[in-house]
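Visitor: What follows is the file query_14.cif, containing mmCIF, C-alpha atoms:
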data_start
#
loop_
_atom_site.label_atom_id
_atom_site.label_comp_id
_atom_site.auth_asym_id
_atom_site.auth_seq_id
_atom_site.Cartn_x
_atom_site.Cartn_y
_atom_site.Cartn_z
CA MET Y 1 -35.55 31.98 -25.92
CA ARG Y 2 -38.22 30.08 -24.00
CA TYR Y 3 -37.09 27.26 -21.73
CA LEU Y 4 -40.37 25.38 -22.36
CA PRO Y 5 -41.06 25.61 -26.10
CA LEU Y 6 -44.47 23.89 -26.08
CA SER Y 7 -47.71 25.74 -25.55
CA ALA Y 8 -50.70 24.31 -23.71
CA GLN Y 9 -52.37 23.70 -27.08
CA ASP Y 10 -49.30 21.86 -28.35
CA ARG Y 11 -49.56 19.50 -25.40
CA GLU Y 12 -53.27 18.94 -25.88
CA ASP Y 13 -52.72 18.11 -29.55
CA MET Y 14 -49.97 15.61 -28.70
CA LEU Y 15 -52.02 13.95 -25.97
CA SER Y 16 -55.00 13.71 -28.30
CA THR Y 17 -52.89 12.03 -30.97
CA SER Y 18 -51.36 9.58 -28.50
CA GLY Y 19 -54.69 8.76 -26.87
CA ALA Y 20 -53.40 9.55 -23.38
CA LYS Y 21 -55.71 11.42 -21.00
CA ASN Y 22 -52.90 13.45 -19.45
CA ILE Y 23 -49.10 13.61 -19.28
CA ARG Y 24 -48.96 11.42 -16.18
CA ALA Y 25 -50.67 8.65 -18.15
CA LEU Y 26 -47.61 8.47 -20.41
CA TYR Y 27 -45.61 7.32 -17.37
CA GLU Y 28 -48.13 4.94 -15.84
CA ASP Y 29 -45.48 2.24 -15.36
CA VAL Y 30 -43.39 4.54 -13.14
CA PRO Y 31 -44.31 3.90 -9.48
CA ASP Y 32 -45.72 6.79 -7.46
CA SER Y 33 -42.77 6.52 -5.07
CA ALA Y 34 -40.46 7.71 -7.86
CA TYR Y 35 -42.21 11.07 -8.20
CA ASN Y 36 -41.35 14.15 -6.18
CA ASP Y 37 -44.42 16.32 -6.59
CA ALA Y 38 -43.21 18.61 -3.81
CA LEU Y 39 -40.79 20.20 -6.26
CA ILE Y 40 -43.36 21.10 -8.88
CA PRO Y 41 -45.03 24.14 -7.24
CA THR Y 42 -41.64 25.69 -6.41
CA LEU Y 43 -40.34 25.80 -9.99
CA PRO Y 44 -41.22 28.90 -12.05
CA ALA Y 45 -43.56 28.27 -14.96
CA HIS Y 46 -42.84 29.51 -18.49
CA LYS Y 47 -39.60 31.32 -17.77
CA THR Y 48 -36.63 31.86 -20.03
CA GLU Y 49 -33.72 29.45 -19.93
CA MET Y 50 -31.61 32.08 -18.18
CA ALA Y 51 -34.25 32.66 -15.49
CA VAL Y 52 -34.66 28.95 -14.81
CA GLU Y 53 -30.89 28.52 -14.63
CA LYS Y 54 -30.60 31.27 -12.02
CA HIS Y 55 -33.45 29.75 -10.03
CA LEU Y 56 -31.81 26.31 -9.98
CA VAL Y 57 -28.40 27.76 -9.10
CA ARG Y 58 -29.98 29.30 -6.01
CA TYR Y 59 -31.13 25.80 -5.05
CA SER Y 60 -27.68 24.30 -5.65
CA ASN Y 61 -26.05 26.98 -3.51
CA GLN Y 62 -27.99 25.64 -0.54
CA ASN Y 63 -25.99 22.39 -0.72
CA ILE Y 64 -23.05 21.62 1.53
CA ASP Y 65 -20.40 19.92 -0.58
CA ALA Y 66 -17.57 17.64 0.48
CA ALA Y 67 -14.85 20.03 -0.67
CA HIS Y 68 -15.91 22.73 1.77
CA ALA Y 69 -16.98 20.85 4.90
CA PRO Y 70 -15.84 18.12 7.28
CA PHE Y 71 -17.16 15.03 5.47
CA PHE Y 72 -17.86 11.61 7.03
CA LEU Y 73 -20.37 10.10 4.58
CA GLY Y 74 -19.68 6.80 2.80
CA ALA Y 75 -22.32 4.09 2.31
CA GLY Y 76 -21.14 3.03 -1.14
CA VAL Y 77 -19.78 6.32 -2.53
CA TYR Y 78 -16.46 7.51 -1.11
CA ASN Y 79 -14.59 10.79 -0.90
CA HIS Y 80 -11.06 10.06 -2.13
CA HIS Y 81 -8.30 12.23 -3.56
CA ILE Y 82 -7.86 12.16 -7.35
CA PRO Y 83 -4.43 13.25 -8.64
CA ALA Y 84 -4.52 16.16 -11.08
CA SER Y 85 -2.62 14.06 -13.61
CA VAL Y 86 -5.63 11.74 -14.00
CA ASP Y 87 -7.69 14.50 -15.57
CA TYR Y 88 -4.78 15.48 -17.80
CA VAL Y 89 -4.11 11.97 -19.10
CA ILE Y 90 -7.73 11.11 -19.90
CA GLN Y 91 -7.88 14.14 -22.21
CA ARG Y 92 -4.88 13.09 -24.31
CA SER Y 93 -5.47 12.51 -28.01
CA GLU Y 94 -4.63 8.79 -27.76
CA PHE Y 95 -7.94 8.29 -25.99
CA LEU Y 96 -10.07 10.71 -28.01
CA THR Y 97 -11.09 7.93 -30.37
CA ALA Y 98 -14.38 6.26 -31.23
CA TYR Y 99 -17.10 6.11 -28.59
CA THR Y 100 -17.03 2.33 -28.82
CA PRO Y 101 -13.84 0.66 -30.06
CA TYR Y 102 -15.28 -1.25 -33.03
CA GLN Y 103 -12.49 -0.14 -35.37
CA PRO Y 104 -9.26 -1.32 -33.76
CA GLU Y 105 -7.07 0.44 -36.30
CA ILE Y 106 -8.13 3.83 -34.92
CA ALA Y 107 -8.97 2.89 -31.32
CA GLN Y 108 -5.77 1.29 -30.04
CA GLY Y 109 -5.47 3.75 -27.14
CA THR Y 110 -8.96 2.99 -25.88
CA LEU Y 111 -8.62 -0.75 -26.43
CA GLN Y 112 -5.25 -0.93 -24.66
CA VAL Y 113 -6.59 0.91 -21.61
CA ILE Y 114 -9.63 -1.35 -21.42
CA TYR Y 115 -7.33 -4.39 -21.60
CA GLU Y 116 -5.21 -2.95 -18.79
CA PHE Y 117 -8.34 -2.14 -16.76
CA GLN Y 118 -9.49 -5.75 -17.11
CA THR Y 119 -6.07 -6.98 -16.01
CA MET Y 120 -6.07 -4.73 -12.93
CA ILE Y 121 -9.56 -5.86 -11.89
CA ALA Y 122 -8.68 -9.53 -12.35
CA LYS Y 123 -5.57 -9.16 -10.18
CA LEU Y 124 -7.37 -7.17 -7.48
CA THR Y 125 -10.22 -9.67 -7.22
CA GLY Y 126 -8.18 -12.85 -7.58
CA GLN Y 127 -10.26 -13.91 -10.58
CA ASP Y 128 -9.25 -15.28 -13.99
CA VAL Y 129 -10.96 -12.74 -16.22
CA ALA Y 130 -12.71 -9.36 -15.98
CA ASN Y 131 -14.93 -7.56 -18.47
CA ALA Y 132 -14.70 -4.03 -19.82
CA SER Y 133 -16.85 -2.66 -16.96
CA LEU Y 134 -20.55 -2.10 -16.31
CA TYR Y 135 -22.62 0.95 -15.41
CA ASP Y 136 -22.15 0.79 -11.63
CA GLY Y 137 -21.85 -1.60 -8.74
CA ALA Y 138 -25.59 -2.17 -8.39
CA THR Y 139 -26.12 -3.20 -12.02
CA ALA Y 140 -22.96 -5.32 -11.83
CA LEU Y 141 -24.52 -7.26 -8.94
CA ALA Y 142 -27.76 -7.71 -10.86
CA GLU Y 143 -25.82 -9.04 -13.85
CA ALA Y 144 -23.91 -11.40 -11.55
CA ALA Y 145 -27.16 -12.87 -10.23
CA LEU Y 146 -28.53 -13.33 -13.75
CA MET Y 147 -25.28 -14.94 -14.87
CA ALA Y 148 -25.37 -17.35 -11.91
CA MET Y 149 -28.89 -18.34 -12.92
CA ARG Y 150 -27.74 -19.06 -16.48
CA VAL Y 151 -24.76 -21.11 -15.31
CA THR Y 152 -26.62 -23.19 -12.71
CA ARG Y 153 -30.03 -23.18 -14.43
CA LYS Y 154 -31.57 -22.32 -11.09
CA ASN Y 155 -33.81 -19.38 -10.24
CA LYS Y 156 -33.16 -18.16 -6.70
CA VAL Y 157 -30.41 -16.27 -4.89
CA ILE Y 158 -29.52 -15.90 -1.22
CA ILE Y 159 -28.36 -12.55 0.18
CA ALA Y 160 -26.12 -13.80 2.96
CA ASN Y 161 -25.30 -10.59 4.84
CA ASP Y 162 -26.09 -6.88 5.00
CA ILE Y 163 -25.58 -5.58 1.47
CA ASN Y 164 -26.06 -1.99 0.33
CA PRO Y 165 -29.85 -1.31 0.26
CA ASP Y 166 -29.53 0.43 -3.12
CA TYR Y 167 -27.88 -2.68 -4.55
CA GLN Y 168 -30.61 -4.87 -3.12
CA GLU Y 169 -33.27 -2.60 -4.60
CA THR Y 170 -31.62 -2.79 -8.03
CA LEU Y 171 -31.33 -6.56 -7.72
CA SER Y 172 -35.03 -6.79 -6.88
CA THR Y 173 -35.83 -4.73 -9.98
CA TYR Y 174 -33.94 -7.17 -12.23
CA LEU Y 175 -35.23 -10.41 -10.68
CA LYS Y 176 -38.65 -11.95 -10.19
CA ASP Y 177 -40.47 -11.21 -6.95
CA ASP Y 178 -39.76 -14.60 -5.38
CA ALA Y 179 -36.16 -14.92 -6.59
CA ILE Y 180 -34.47 -13.50 -3.47
CA VAL Y 181 -34.75 -15.90 -0.53
CA ASP Y 182 -33.30 -16.20 2.97
CA ALA Y 183 -30.20 -18.15 3.93
CA ASP Y 184 -32.19 -21.14 5.24
CA THR Y 185 -33.58 -21.96 1.81
CA SER Y 186 -31.86 -24.89 0.12
CA ASP Y 187 -33.85 -25.47 -3.06
CA ASP Y 188 -33.13 -24.03 -6.51
CA ILE Y 189 -30.31 -21.72 -5.31
CA ALA Y 190 -28.23 -20.22 -8.10
CA ALA Y 191 -26.01 -17.93 -6.01
CA ILE Y 192 -25.06 -16.87 -2.52
CA ILE Y 193 -24.34 -13.13 -2.45
CA ILE Y 194 -21.97 -11.58 0.10
CA GLN Y 195 -20.81 -7.97 0.42
CA SER Y 196 -17.42 -7.33 2.01
CA PRO Y 197 -16.99 -5.09 3.83
CA ASP Y 198 -20.75 -5.22 4.35
CA PHE Y 199 -22.99 -2.15 4.39
CA TYR Y 200 -22.05 -1.50 8.01
CA GLY Y 201 -18.32 -1.70 7.30
CA ARG Y 202 -17.62 -5.21 8.60
CA PRO Y 203 -15.24 -7.42 6.56
CA GLU Y 204 -16.67 -10.84 5.74
CA LYS Y 205 -15.06 -14.28 5.90
CA TYR Y 206 -15.77 -16.40 2.82
CA LEU Y 207 -14.90 -19.99 3.69
CA ALA Y 208 -18.16 -20.98 5.37
CA TRP Y 209 -20.20 -19.48 2.53
CA ARG Y 210 -17.96 -21.18 -0.04
CA LYS Y 211 -18.76 -24.54 1.56
CA LYS Y 212 -22.48 -23.74 1.68
CA ALA Y 213 -22.47 -22.69 -1.99
CA ASP Y 214 -20.76 -25.94 -2.96
CA ALA Y 215 -23.26 -27.95 -0.95
CA LEU Y 216 -26.16 -26.22 -2.71
CA GLY Y 217 -24.61 -26.38 -6.18
CA ALA Y 218 -24.63 -22.57 -6.24
CA LEU Y 219 -22.11 -19.92 -7.21
CA LEU Y 220 -20.53 -17.63 -4.63
CA VAL Y 221 -20.86 -13.96 -5.59
CA VAL Y 222 -18.82 -11.38 -3.67
CA VAL Y 223 -19.73 -7.68 -3.89
CA ILE Y 224 -17.14 -4.97 -3.19
CA THR Y 225 -18.39 -1.38 -2.85
CA GLU Y 226 -15.12 0.06 -1.48
CA ILE Y 227 -12.47 -1.31 -3.84
CA ILE Y 228 -9.61 0.28 -1.88
CA SER Y 229 -10.33 -2.27 0.88
CA LEU Y 230 -8.67 -4.86 -1.38
CA GLY Y 231 -5.37 -3.17 -0.56
CA MET Y 232 -5.61 -4.64 2.97
CA LEU Y 233 -8.21 -7.41 2.92
CA PRO Y 234 -7.61 -10.77 1.20
CA ALA Y 235 -8.69 -10.98 -2.43
CA PRO Y 236 -11.98 -12.93 -2.72
CA ASP Y 237 -10.29 -15.58 -4.86
CA MET Y 238 -12.55 -18.38 -3.61
CA ALA Y 239 -15.57 -16.64 -5.16
CA ASP Y 240 -17.02 -17.60 -8.54
CA ILE Y 241 -17.96 -14.01 -9.42
CA VAL Y 242 -16.66 -10.77 -7.92
CA CYS Y 243 -18.39 -7.52 -8.80
CA GLY Y 244 -18.87 -4.07 -7.39
CA GLU Y 245 -18.03 -0.38 -7.64
CA GLY Y 246 -14.71 1.15 -8.71
CA GLN Y 247 -15.58 4.80 -8.01
CA SER Y 248 -13.03 5.11 -5.20
CA ILE Y 249 -10.18 5.08 -7.74
CA GLY Y 250 -10.04 8.01 -10.16
CA LEU Y 251 -13.67 9.09 -10.02
CA PRO Y 252 -15.38 11.87 -8.06
CA MET Y 253 -18.58 11.22 -6.13
CA SER Y 254 -20.53 13.35 -8.64
CA PHE Y 255 -23.82 13.20 -6.74
CA GLY Y 256 -23.97 9.43 -7.33
CA GLY Y 257 -22.65 8.98 -10.86
CA PRO Y 258 -21.51 8.26 -13.46
CA HIS Y 259 -19.52 5.59 -11.71
CA LEU Y 260 -17.80 2.35 -12.67
CA GLY Y 261 -19.13 -1.15 -12.19
CA PHE Y 262 -16.56 -3.94 -12.35
CA PHE Y 263 -17.15 -7.63 -12.99
CA ALA Y 264 -14.76 -10.58 -12.78
CA CYS Y 265 -15.20 -14.34 -12.69
CA ARG Y 266 -13.58 -17.72 -13.16
CA ASN Y 267 -12.51 -18.68 -16.65
CA ASP Y 268 -15.08 -21.52 -16.67
CA TYR Y 269 -17.88 -18.96 -16.95
CA LEU Y 270 -16.24 -16.68 -19.52
CA ARG Y 271 -18.89 -17.06 -22.20
CA GLN Y 272 -21.69 -16.31 -19.76
CA MET Y 273 -20.14 -12.99 -18.75
CA PRO Y 274 -22.18 -9.88 -19.69
CA GLY Y 275 -20.82 -6.96 -21.69
CA ARG Y 276 -17.60 -7.16 -23.66
CA LEU Y 277 -13.95 -8.12 -23.29
CA CYS Y 278 -10.85 -6.72 -24.96
CA GLY Y 279 -7.95 -8.98 -25.83
CA LYS Y 280 -4.30 -8.65 -26.82
CA THR Y 281 -2.84 -10.05 -30.04
CA VAL Y 282 -0.24 -9.12 -32.67
CA ASP Y 283 -0.76 -7.34 -35.96
CA ALA Y 284 0.64 -8.19 -39.40
CA ASP Y 285 3.96 -6.66 -38.42
CA GLY Y 286 4.21 -8.67 -35.22
CA LYS Y 287 3.49 -5.69 -32.97
CA ASP Y 288 1.19 -5.80 -29.95
CA SER Y 289 -2.36 -4.81 -30.80
CA TYR Y 290 -5.71 -4.86 -29.03
CA VAL Y 291 -9.14 -5.91 -30.24
CA LEU Y 292 -12.64 -6.63 -29.01
CA THR Y 293 -12.35 -10.34 -28.26
CA LEU Y 294 -15.78 -11.27 -26.93
CA SER Y 295 -19.10 -9.45 -27.08
CA THR Y 296 -21.98 -11.42 -25.61
CA ARG Y 297 -24.53 -8.64 -25.91
CA GLU Y 298 -27.57 -8.69 -28.13
CA GLN Y 299 -26.25 -6.06 -30.57
CA HIS Y 300 -23.40 -8.34 -31.69
CA ILE Y 301 -24.94 -11.80 -31.71
CA ARG Y 302 -28.33 -13.41 -32.12
CA ARG Y 303 -30.64 -11.92 -29.55
CA ASP Y 304 -31.67 -15.27 -28.10
CA LYS Y 305 -27.98 -16.10 -27.52
CA ALA Y 306 -27.12 -12.84 -25.73
CA THR Y 307 -26.18 -12.90 -22.04
CA SER Y 308 -27.32 -9.35 -21.37
CA ASN Y 309 -28.72 -6.18 -22.91
CA ILE Y 310 -26.00 -4.09 -21.22
CA CYS Y 311 -25.18 -1.75 -24.06
CA THR Y 312 -21.77 -0.30 -23.28
CA ASN Y 313 -18.91 -0.09 -20.83
CA GLN Y 314 -18.07 3.06 -18.87
CA GLY Y 315 -15.08 3.78 -21.08
CA LEU Y 316 -14.07 7.18 -19.73
CA CYS Y 317 -14.59 6.07 -16.13
CA ALA Y 318 -12.56 2.91 -16.73
CA LEU Y 319 -9.80 5.07 -18.23
CA ALA Y 320 -9.72 7.34 -15.16
CA PHE Y 321 -9.59 4.28 -12.89
CA THR Y 322 -6.75 2.75 -14.89
CA VAL Y 323 -4.69 5.94 -14.92
CA HIS Y 324 -5.08 6.41 -11.16
CA MET Y 325 -4.19 2.77 -10.46
CA ALA Y 326 -1.12 3.02 -12.70
CA LEU Y 327 0.00 6.10 -10.76
CA LEU Y 328 -0.45 4.30 -7.44
CA GLY Y 329 1.14 1.01 -8.38
CA ASP Y 330 0.94 -2.02 -6.11
CA LEU Y 331 2.78 -0.42 -3.19
CA GLY Y 332 0.90 2.87 -3.45
CA PHE Y 333 -2.44 1.08 -3.53
CA ARG Y 334 -1.60 -0.84 -0.37
CA GLN Y 335 -0.38 2.32 1.34
CA LEU Y 336 -3.59 4.12 0.38
CA ALA Y 337 -5.64 1.31 1.92
CA GLN Y 338 -3.54 1.41 5.08
CA LEU Y 339 -3.96 5.19 5.33
CA ASN Y 340 -7.74 4.84 5.00
CA HIS Y 341 -7.84 2.27 7.77
CA GLU Y 342 -5.57 4.34 10.04
CA ARG Y 343 -7.78 7.41 9.58
CA ALA Y 344 -10.86 5.37 10.43
CA VAL Y 345 -9.22 3.85 13.52
CA MET Y 346 -8.23 7.30 14.75
CA LEU Y 347 -11.77 8.57 14.22
CA ALA Y 348 -13.25 5.56 16.01
CA ASP Y 349 -10.94 6.10 18.98
CA LYS Y 350 -11.89 9.77 19.22
CA LEU Y 351 -15.60 8.99 19.01
CA SER Y 352 -15.36 6.26 21.65
CA ALA Y 353 -14.06 8.86 24.08
CA VAL Y 354 -17.21 11.00 23.73
CA LYS Y 355 -19.76 10.44 26.47
CA GLY Y 356 -22.87 8.67 25.19
CA ILE Y 357 -21.28 7.45 21.93
CA ALA Y 358 -20.29 3.84 21.29
CA VAL Y 359 -18.63 2.20 18.27
CA GLU Y 360 -20.57 -0.94 17.29
CA ASN Y 361 -18.04 -2.59 14.98
CA GLU Y 362 -15.43 -5.00 16.26
CA THR Y 363 -13.82 -4.90 12.82
CA PHE Y 364 -13.95 -2.40 9.97
CA PHE Y 365 -11.93 -0.99 7.08
CA ASN Y 366 -12.74 2.72 6.72
CA GLU Y 367 -16.41 2.72 7.72
CA PHE Y 368 -18.26 1.78 10.89
CA VAL Y 369 -21.46 2.30 12.87
CA ILE Y 370 -21.77 4.34 16.06
CA THR Y 371 -24.68 4.70 18.44
CA LEU Y 372 -25.63 8.20 19.59
CA PRO Y 373 -27.44 9.44 22.66
CA GLU Y 374 -30.32 10.68 20.48
CA ASN Y 375 -31.94 10.13 17.09
CA ALA Y 376 -29.28 9.89 14.36
CA GLU Y 377 -31.28 11.72 11.69
CA LYS Y 378 -31.85 14.63 14.06
CA VAL Y 379 -28.13 14.74 14.85
CA VAL Y 380 -27.18 14.70 11.16
CA ASN Y 381 -29.55 17.58 10.42
CA THR Y 382 -28.26 19.56 13.39
CA LEU Y 383 -24.65 19.12 12.30
CA ALA Y 384 -25.50 19.91 8.67
CA ALA Y 385 -26.75 23.30 9.86
CA GLN Y 386 -23.26 23.78 11.35
CA GLY Y 387 -21.57 22.87 8.06
CA ILE Y 388 -20.65 19.29 9.00
CA ILE Y 389 -21.65 16.27 6.88
CA ALA Y 390 -21.76 13.72 9.67
CA GLY Y 391 -22.62 10.43 7.95
CA LEU Y 392 -25.64 8.33 7.03
CA PRO Y 393 -28.38 8.05 9.68
CA LEU Y 394 -29.66 4.52 10.10
CA ASN Y 395 -32.57 3.42 12.24
CA ASP Y 396 -33.04 5.09 15.62
CA ASN Y 397 -29.74 6.26 17.18
CA ARG Y 398 -27.32 4.53 14.80
CA LEU Y 399 -25.05 6.43 12.42
CA LEU Y 400 -22.88 5.01 9.62
CA ILE Y 401 -19.68 7.03 9.49
CA CYS Y 402 -16.63 6.95 7.21
CA ALA Y 403 -13.07 8.27 7.09
CA THR Y 404 -10.72 8.33 4.10
CA GLU Y 405 -7.27 9.70 3.37
CA LYS Y 406 -8.95 13.11 2.93
CA THR Y 407 -10.25 13.13 6.51
CA GLU Y 408 -7.91 15.47 8.39
CA ASP Y 409 -7.32 15.64 12.14
CA ALA Y 410 -9.01 19.05 12.19
CA ASP Y 411 -12.14 17.56 10.57
CA MET Y 412 -12.30 14.90 13.28
CA ASP Y 413 -11.89 17.50 16.02
CA ILE Y 414 -14.72 19.60 14.59
CA LEU Y 415 -17.01 16.55 14.55
CA ILE Y 416 -16.05 15.52 18.08
CA GLU Y 417 -16.64 19.02 19.44
CA ALA Y 418 -20.05 19.21 17.74
CA LEU Y 419 -21.12 15.80 19.06
CA SER Y 420 -19.87 16.63 22.56
CA THR Y 421 -22.20 19.61 22.78
CA LEU Y 422 -25.40 17.83 21.76
#
As structure tokens, what does this structure read like?
Guide:
Amino acid sequence: MRYLPLSAQDREDMLSTSGAKNIRALYEDVPDSAYNDALIPTLPAHKTEMAVEKHLVRYSNQNIDAAHAPFFLGAGVYNHHIPASVDYVIQRSEFLTAYTPYQPEIAQGTLQVIYEFQTMIAKLTGQDVANASLYDGATALAEAALMAMRVTRKNKVIIANDINPDYQETLSTYLKDDAIVDADTSDDIAAIIIQSPDFYGRPEKYLAWRKKADALGALLVVVITEIISLGMLPAPDMADIVCGEGQSIGLPMSFGGPHLGFFACRNDYLRQMPGRLCGKTVDADGKDSYVLTLSTREQHIRRDKATSNICTNQGLCALAFTVHMALLGDLGFRQLAQLNHERAVMLADKLSAVKGIAVENETFFNEFVITLPENAEKVVNTLAAQGIIAGLPLNDNRLLICATEKTEDADMDILIEALSTL
């Protein structure tokens, strides 16, 4: 069996029919920065599927994974423990129903879990209503900005603090080039966007930004990339929209996805919310039942009335989140947050004692920035060669570092010893 079934002549015939000069011309709208031509010469040409698989496995074996190394990387994707029972529950027959729950009579398990997921998100964020989830935190933020523009009928947003660069890049992809402006702008502002904790791990206070949003006639959008922080930090209940990433509960890092975007807002803006909502009612026998209550996407209503072209919710991911949260309960969730913070404080104290290293943050949850005596990227590469995943190198000598409940004392000691010998 050939891994690449098309011959050179097949390709020429297809290009001739399409009118394209070459294969690259078919992707002319993809920016050059998205290509990685360095990989092309290293892949074997015209090999069998088995041969290509072996070749790629050899590449994957060069990786250092979080399960087999001291791991201090965060930056929006976090290494948390997932109970074994989560995987068991999500495979139960009650949830092996339709891909999308259009037929409530056969999808009650899926619909009930989505309803419970929405309830959990609304309580965590201090908002009135939450939707059935979005693709990830970055797209959730983009949808929040678009929703704010619909509500206010304005066309610009302010990014008020240091948000995740990947989120900002996604936001820029969704919006017009001049839609993102600095905090000094006062005209045509639809939303003020705040991340808390911010990209560098610092919790944010909301009151001043709430007042500024009110003065500008804008909505306040709060982004949460580490949802476990809500077990210690105040719920952003003074926001108009709260969105972000739920990966920390029930979902592995998985090389960046699939993950779980969440989205919640005030009841006033319910009909401008993207995606879908599940609701609770009673059936003909008076028993609790669950249905799709609101679908503001273009597949369900007139296209010109749709709020978004988001096509689905992350049903399986939302299920895993809901199962894990149910296992934790309110007290367990708060204890998990406290444990994360305690681990980070211990790590910060240990790092502060190393000559040449300083902790920048005055406040943090489970992530903070340190300055090193030499270039951070060089240090990360050096430690990676020793089997240590040290964190995310920032500019110059700054390193973003994270600790979770999975960060053991021995992991910290290994990192400290390695940094002490640089």
Visitor: Skip segment 335-349 of chain Y itself and residues of its chain fewer than 3 positions away, then list as a ChimeraX atom specification all residues within 7 Å of it, counting all atoms listed in the file.
Guide: /Y:228-229,231-232,331-332,352-353,359,365-367,402-405,407,412
Visitor: As a check of understanding, name the residues that the PyMOL selection byres ((chain Y and resi 146) around 9) selects in the supplied structure, as a ChimeraX atom specification.
Guide: /Y:141-145,147-151,155,174-175,190,307-308
Visitor: Could you check the closest approach to Glu226 of chain Y for each of Y:Thr185, Y:Gln168, Y:Gln9, Y:Ser196 and tell me which residue wins, using all atoms listed in the file?
Guide: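 Answer, going by the shortest atom-to-atom distance: Y:Ser196.
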Visitor: Select, from Y:Arg210, Y:Arg271, Y:His80, Y:His324, the residue with the minimum atom-to-atom distance to Met120 of chain Y, counting all atoms listed in the file.
Guide: Y:His324
Visitor: Would you work out the distance separating atom CA of Ala384 of chain Y from atom CA of Val57 of chain Y, expressed in Å to one decimal?
Guide: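 Taking atom CA of Ala384 of chain Y and atom CA of Val57 of chain Y, their separation equals 19.6 Å.
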Visitor: For Ser186 of chain Y, which of Y:Gly201, Y:Gly217, Y:Lys211, Y:Tyr27 is the closest residue, counting all atoms listed in the file?
Guide: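 Of Y:Gly201, Y:Gly217, Y:Lys211, Y:Tyr27, the one nearest Ser186 of chain Y, counting all atoms listed in the file, is Y:Gly217.
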Visitor: Grab the atom CA of Ser60 of chain Y to atom CA of Asp37 of chain Y distance for me, in Å with one decimal place.
Guide: 18.6 Å
Visitor: Could you tell me, as a PDB file with C-alpha atoms, in the frame of the given file, exactly which residues end up selected when the PyMOL selection byres ((chain Y and resi 260) around 9) is applied to this structure?
Guide:
ATOM      1  CA  SER Y 133     -16.850  -2.660 -16.960  1.00  0.00           C
ATOM      2  CA  LEU Y 134     -20.550  -2.100 -16.310  1.00  0.00           C
ATOM      3  CA  TYR Y 135     -22.620   0.950 -15.410  1.00  0.00           C
ATOM      4  CA  ASP Y 136     -22.150   0.790 -11.630  1.00  0.00           C
ATOM      5  CA  GLY Y 137     -21.850  -1.600  -8.740  1.00  0.00           C
ATOM      6  CA  GLY Y 244     -18.870  -4.070  -7.390  1.00  0.00           C
ATOM      7  CA  GLU Y 245     -18.030  -0.380  -7.640  1.00  0.00           C
ATOM      8  CA  GLY Y 246     -14.710   1.150  -8.710  1.00  0.00           C
ATOM      9  CA  GLN Y 247     -15.580   4.800  -8.010  1.00  0.00           C
ATOM     10  CA  LEU Y 251     -13.670   9.090 -10.020  1.00  0.00           C
ATOM     11  CA  GLY Y 257     -22.650   8.980 -10.860  1.00  0.00           C
ATOM     12  CA  PRO Y 258     -21.510   8.260 -13.460  1.00  0.00           C
ATOM     13  CA  HIS Y 259     -19.520   5.590 -11.710  1.00  0.00           C
ATOM     14  CA  GLY Y 261     -19.130  -1.150 -12.190  1.00  0.00           C
ATOM     15  CA  PHE Y 262     -16.560  -3.940 -12.350  1.00  0.00           C
ATOM     16  CA  ASN Y 313     -18.910  -0.090 -20.830  1.00  0.00           C
ATOM     17  CA  GLN Y 314     -18.070   3.060 -18.870  1.00  0.00           C
ATOM     18  CA  GLY Y 315     -15.080   3.780 -21.080  1.00  0.00           C
ATOM     19  CA  CYS Y 317     -14.590   6.070 -16.130  1.00  0.00           C
ATOM     20  CA  ALA Y 318     -12.560   2.910 -16.730  1.00  0.00           C
ATOM     21  CA  PHE Y 321      -9.590   4.280 -12.890  1.00  0.00           C
TER      22      PHE Y 321
END
Visitor: Using the chain letters and residue numbers of this document, give as a ChimeraX atom specification the residues selected by the PyMOL selection byres ((chain Y and resi 355) around 10).
Guide: /Y:351-354,356-358,372-373,419-420
Visitor: Please dump the current selection as a PDB file, in the frame of the given file; keep C-alpha atoms.
Guide:
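That gives us out.pdb:
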ATOM      1  CA  LEU Y 351     -15.600   8.990  19.010  1.00  0.00           C
ATOM      2  CA  SER Y 352     -15.360   6.260  21.650  1.00  0.00           C
ATOM      3  CA  ALA Y 353     -14.060   8.860  24.080  1.00  0.00           C
ATOM      4  CA  VAL Y 354     -17.210  11.000  23.730  1.00  0.00           C
ATOM      5  CA  GLY Y 356     -22.870   8.670  25.190  1.00  0.00           C
ATOM      6  CA  ILE Y 357     -21.280   7.450  21.930  1.00  0.00           C
ATOM      7  CA  ALA Y 358     -20.290   3.840  21.290  1.00  0.00           C
ATOM      8  CA  LEU Y 372     -25.630   8.200  19.590  1.00  0.00           C
ATOM      9  CA  PRO Y 373     -27.440   9.440  22.660  1.00  0.00           C
ATOM     10  CA  LEU Y 419     -21.120  15.800  19.060  1.00  0.00           C
ATOM     11  CA  SER Y 420     -19.870  16.630  22.560  1.00  0.00           C
TER      12      SER Y 420
END
Visitor: Write out as a list in words the residues lying within 8 Å of Ile189 of chain Y, counting only C-alpha atoms and excluding same-chain residues fewer than 6 positions away.
Guide: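 What passes the distance filter is Lys154, Asn155, Lys156, Val157, Ile158, Leu216, Gly217 and Ala218 of chain Y.
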Visitor: Excluding same-chain residues fewer than 6 positions from segment 101-107 of chain Y, what lies within 9 Å of it counting all atoms listed in the file, as a list in words?
Guide: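 Answer for this query is Glu94, Phe95, Ser289, Tyr290, Val291 and Leu292 of chain Y.
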Visitor: Just the number, please: distance in Å from atom CA of Ala183 of chain Y to atom CA of Ala140 of chain Y, one decimal.
Guide: 21.6 Å
Visitor: Go through Y:Ser295, Y:Ile194, Y:Leu415, Y:Arg266 one by one, measure the shortest atom-to-atom distance of each to Phe71 of chain Y using only C-alpha atoms, and give the residue with the smallest value.
Guide: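 Once distances to Phe71 of chain Y are computed over only C-alpha atoms, the minimum belongs to Y:Leu415.
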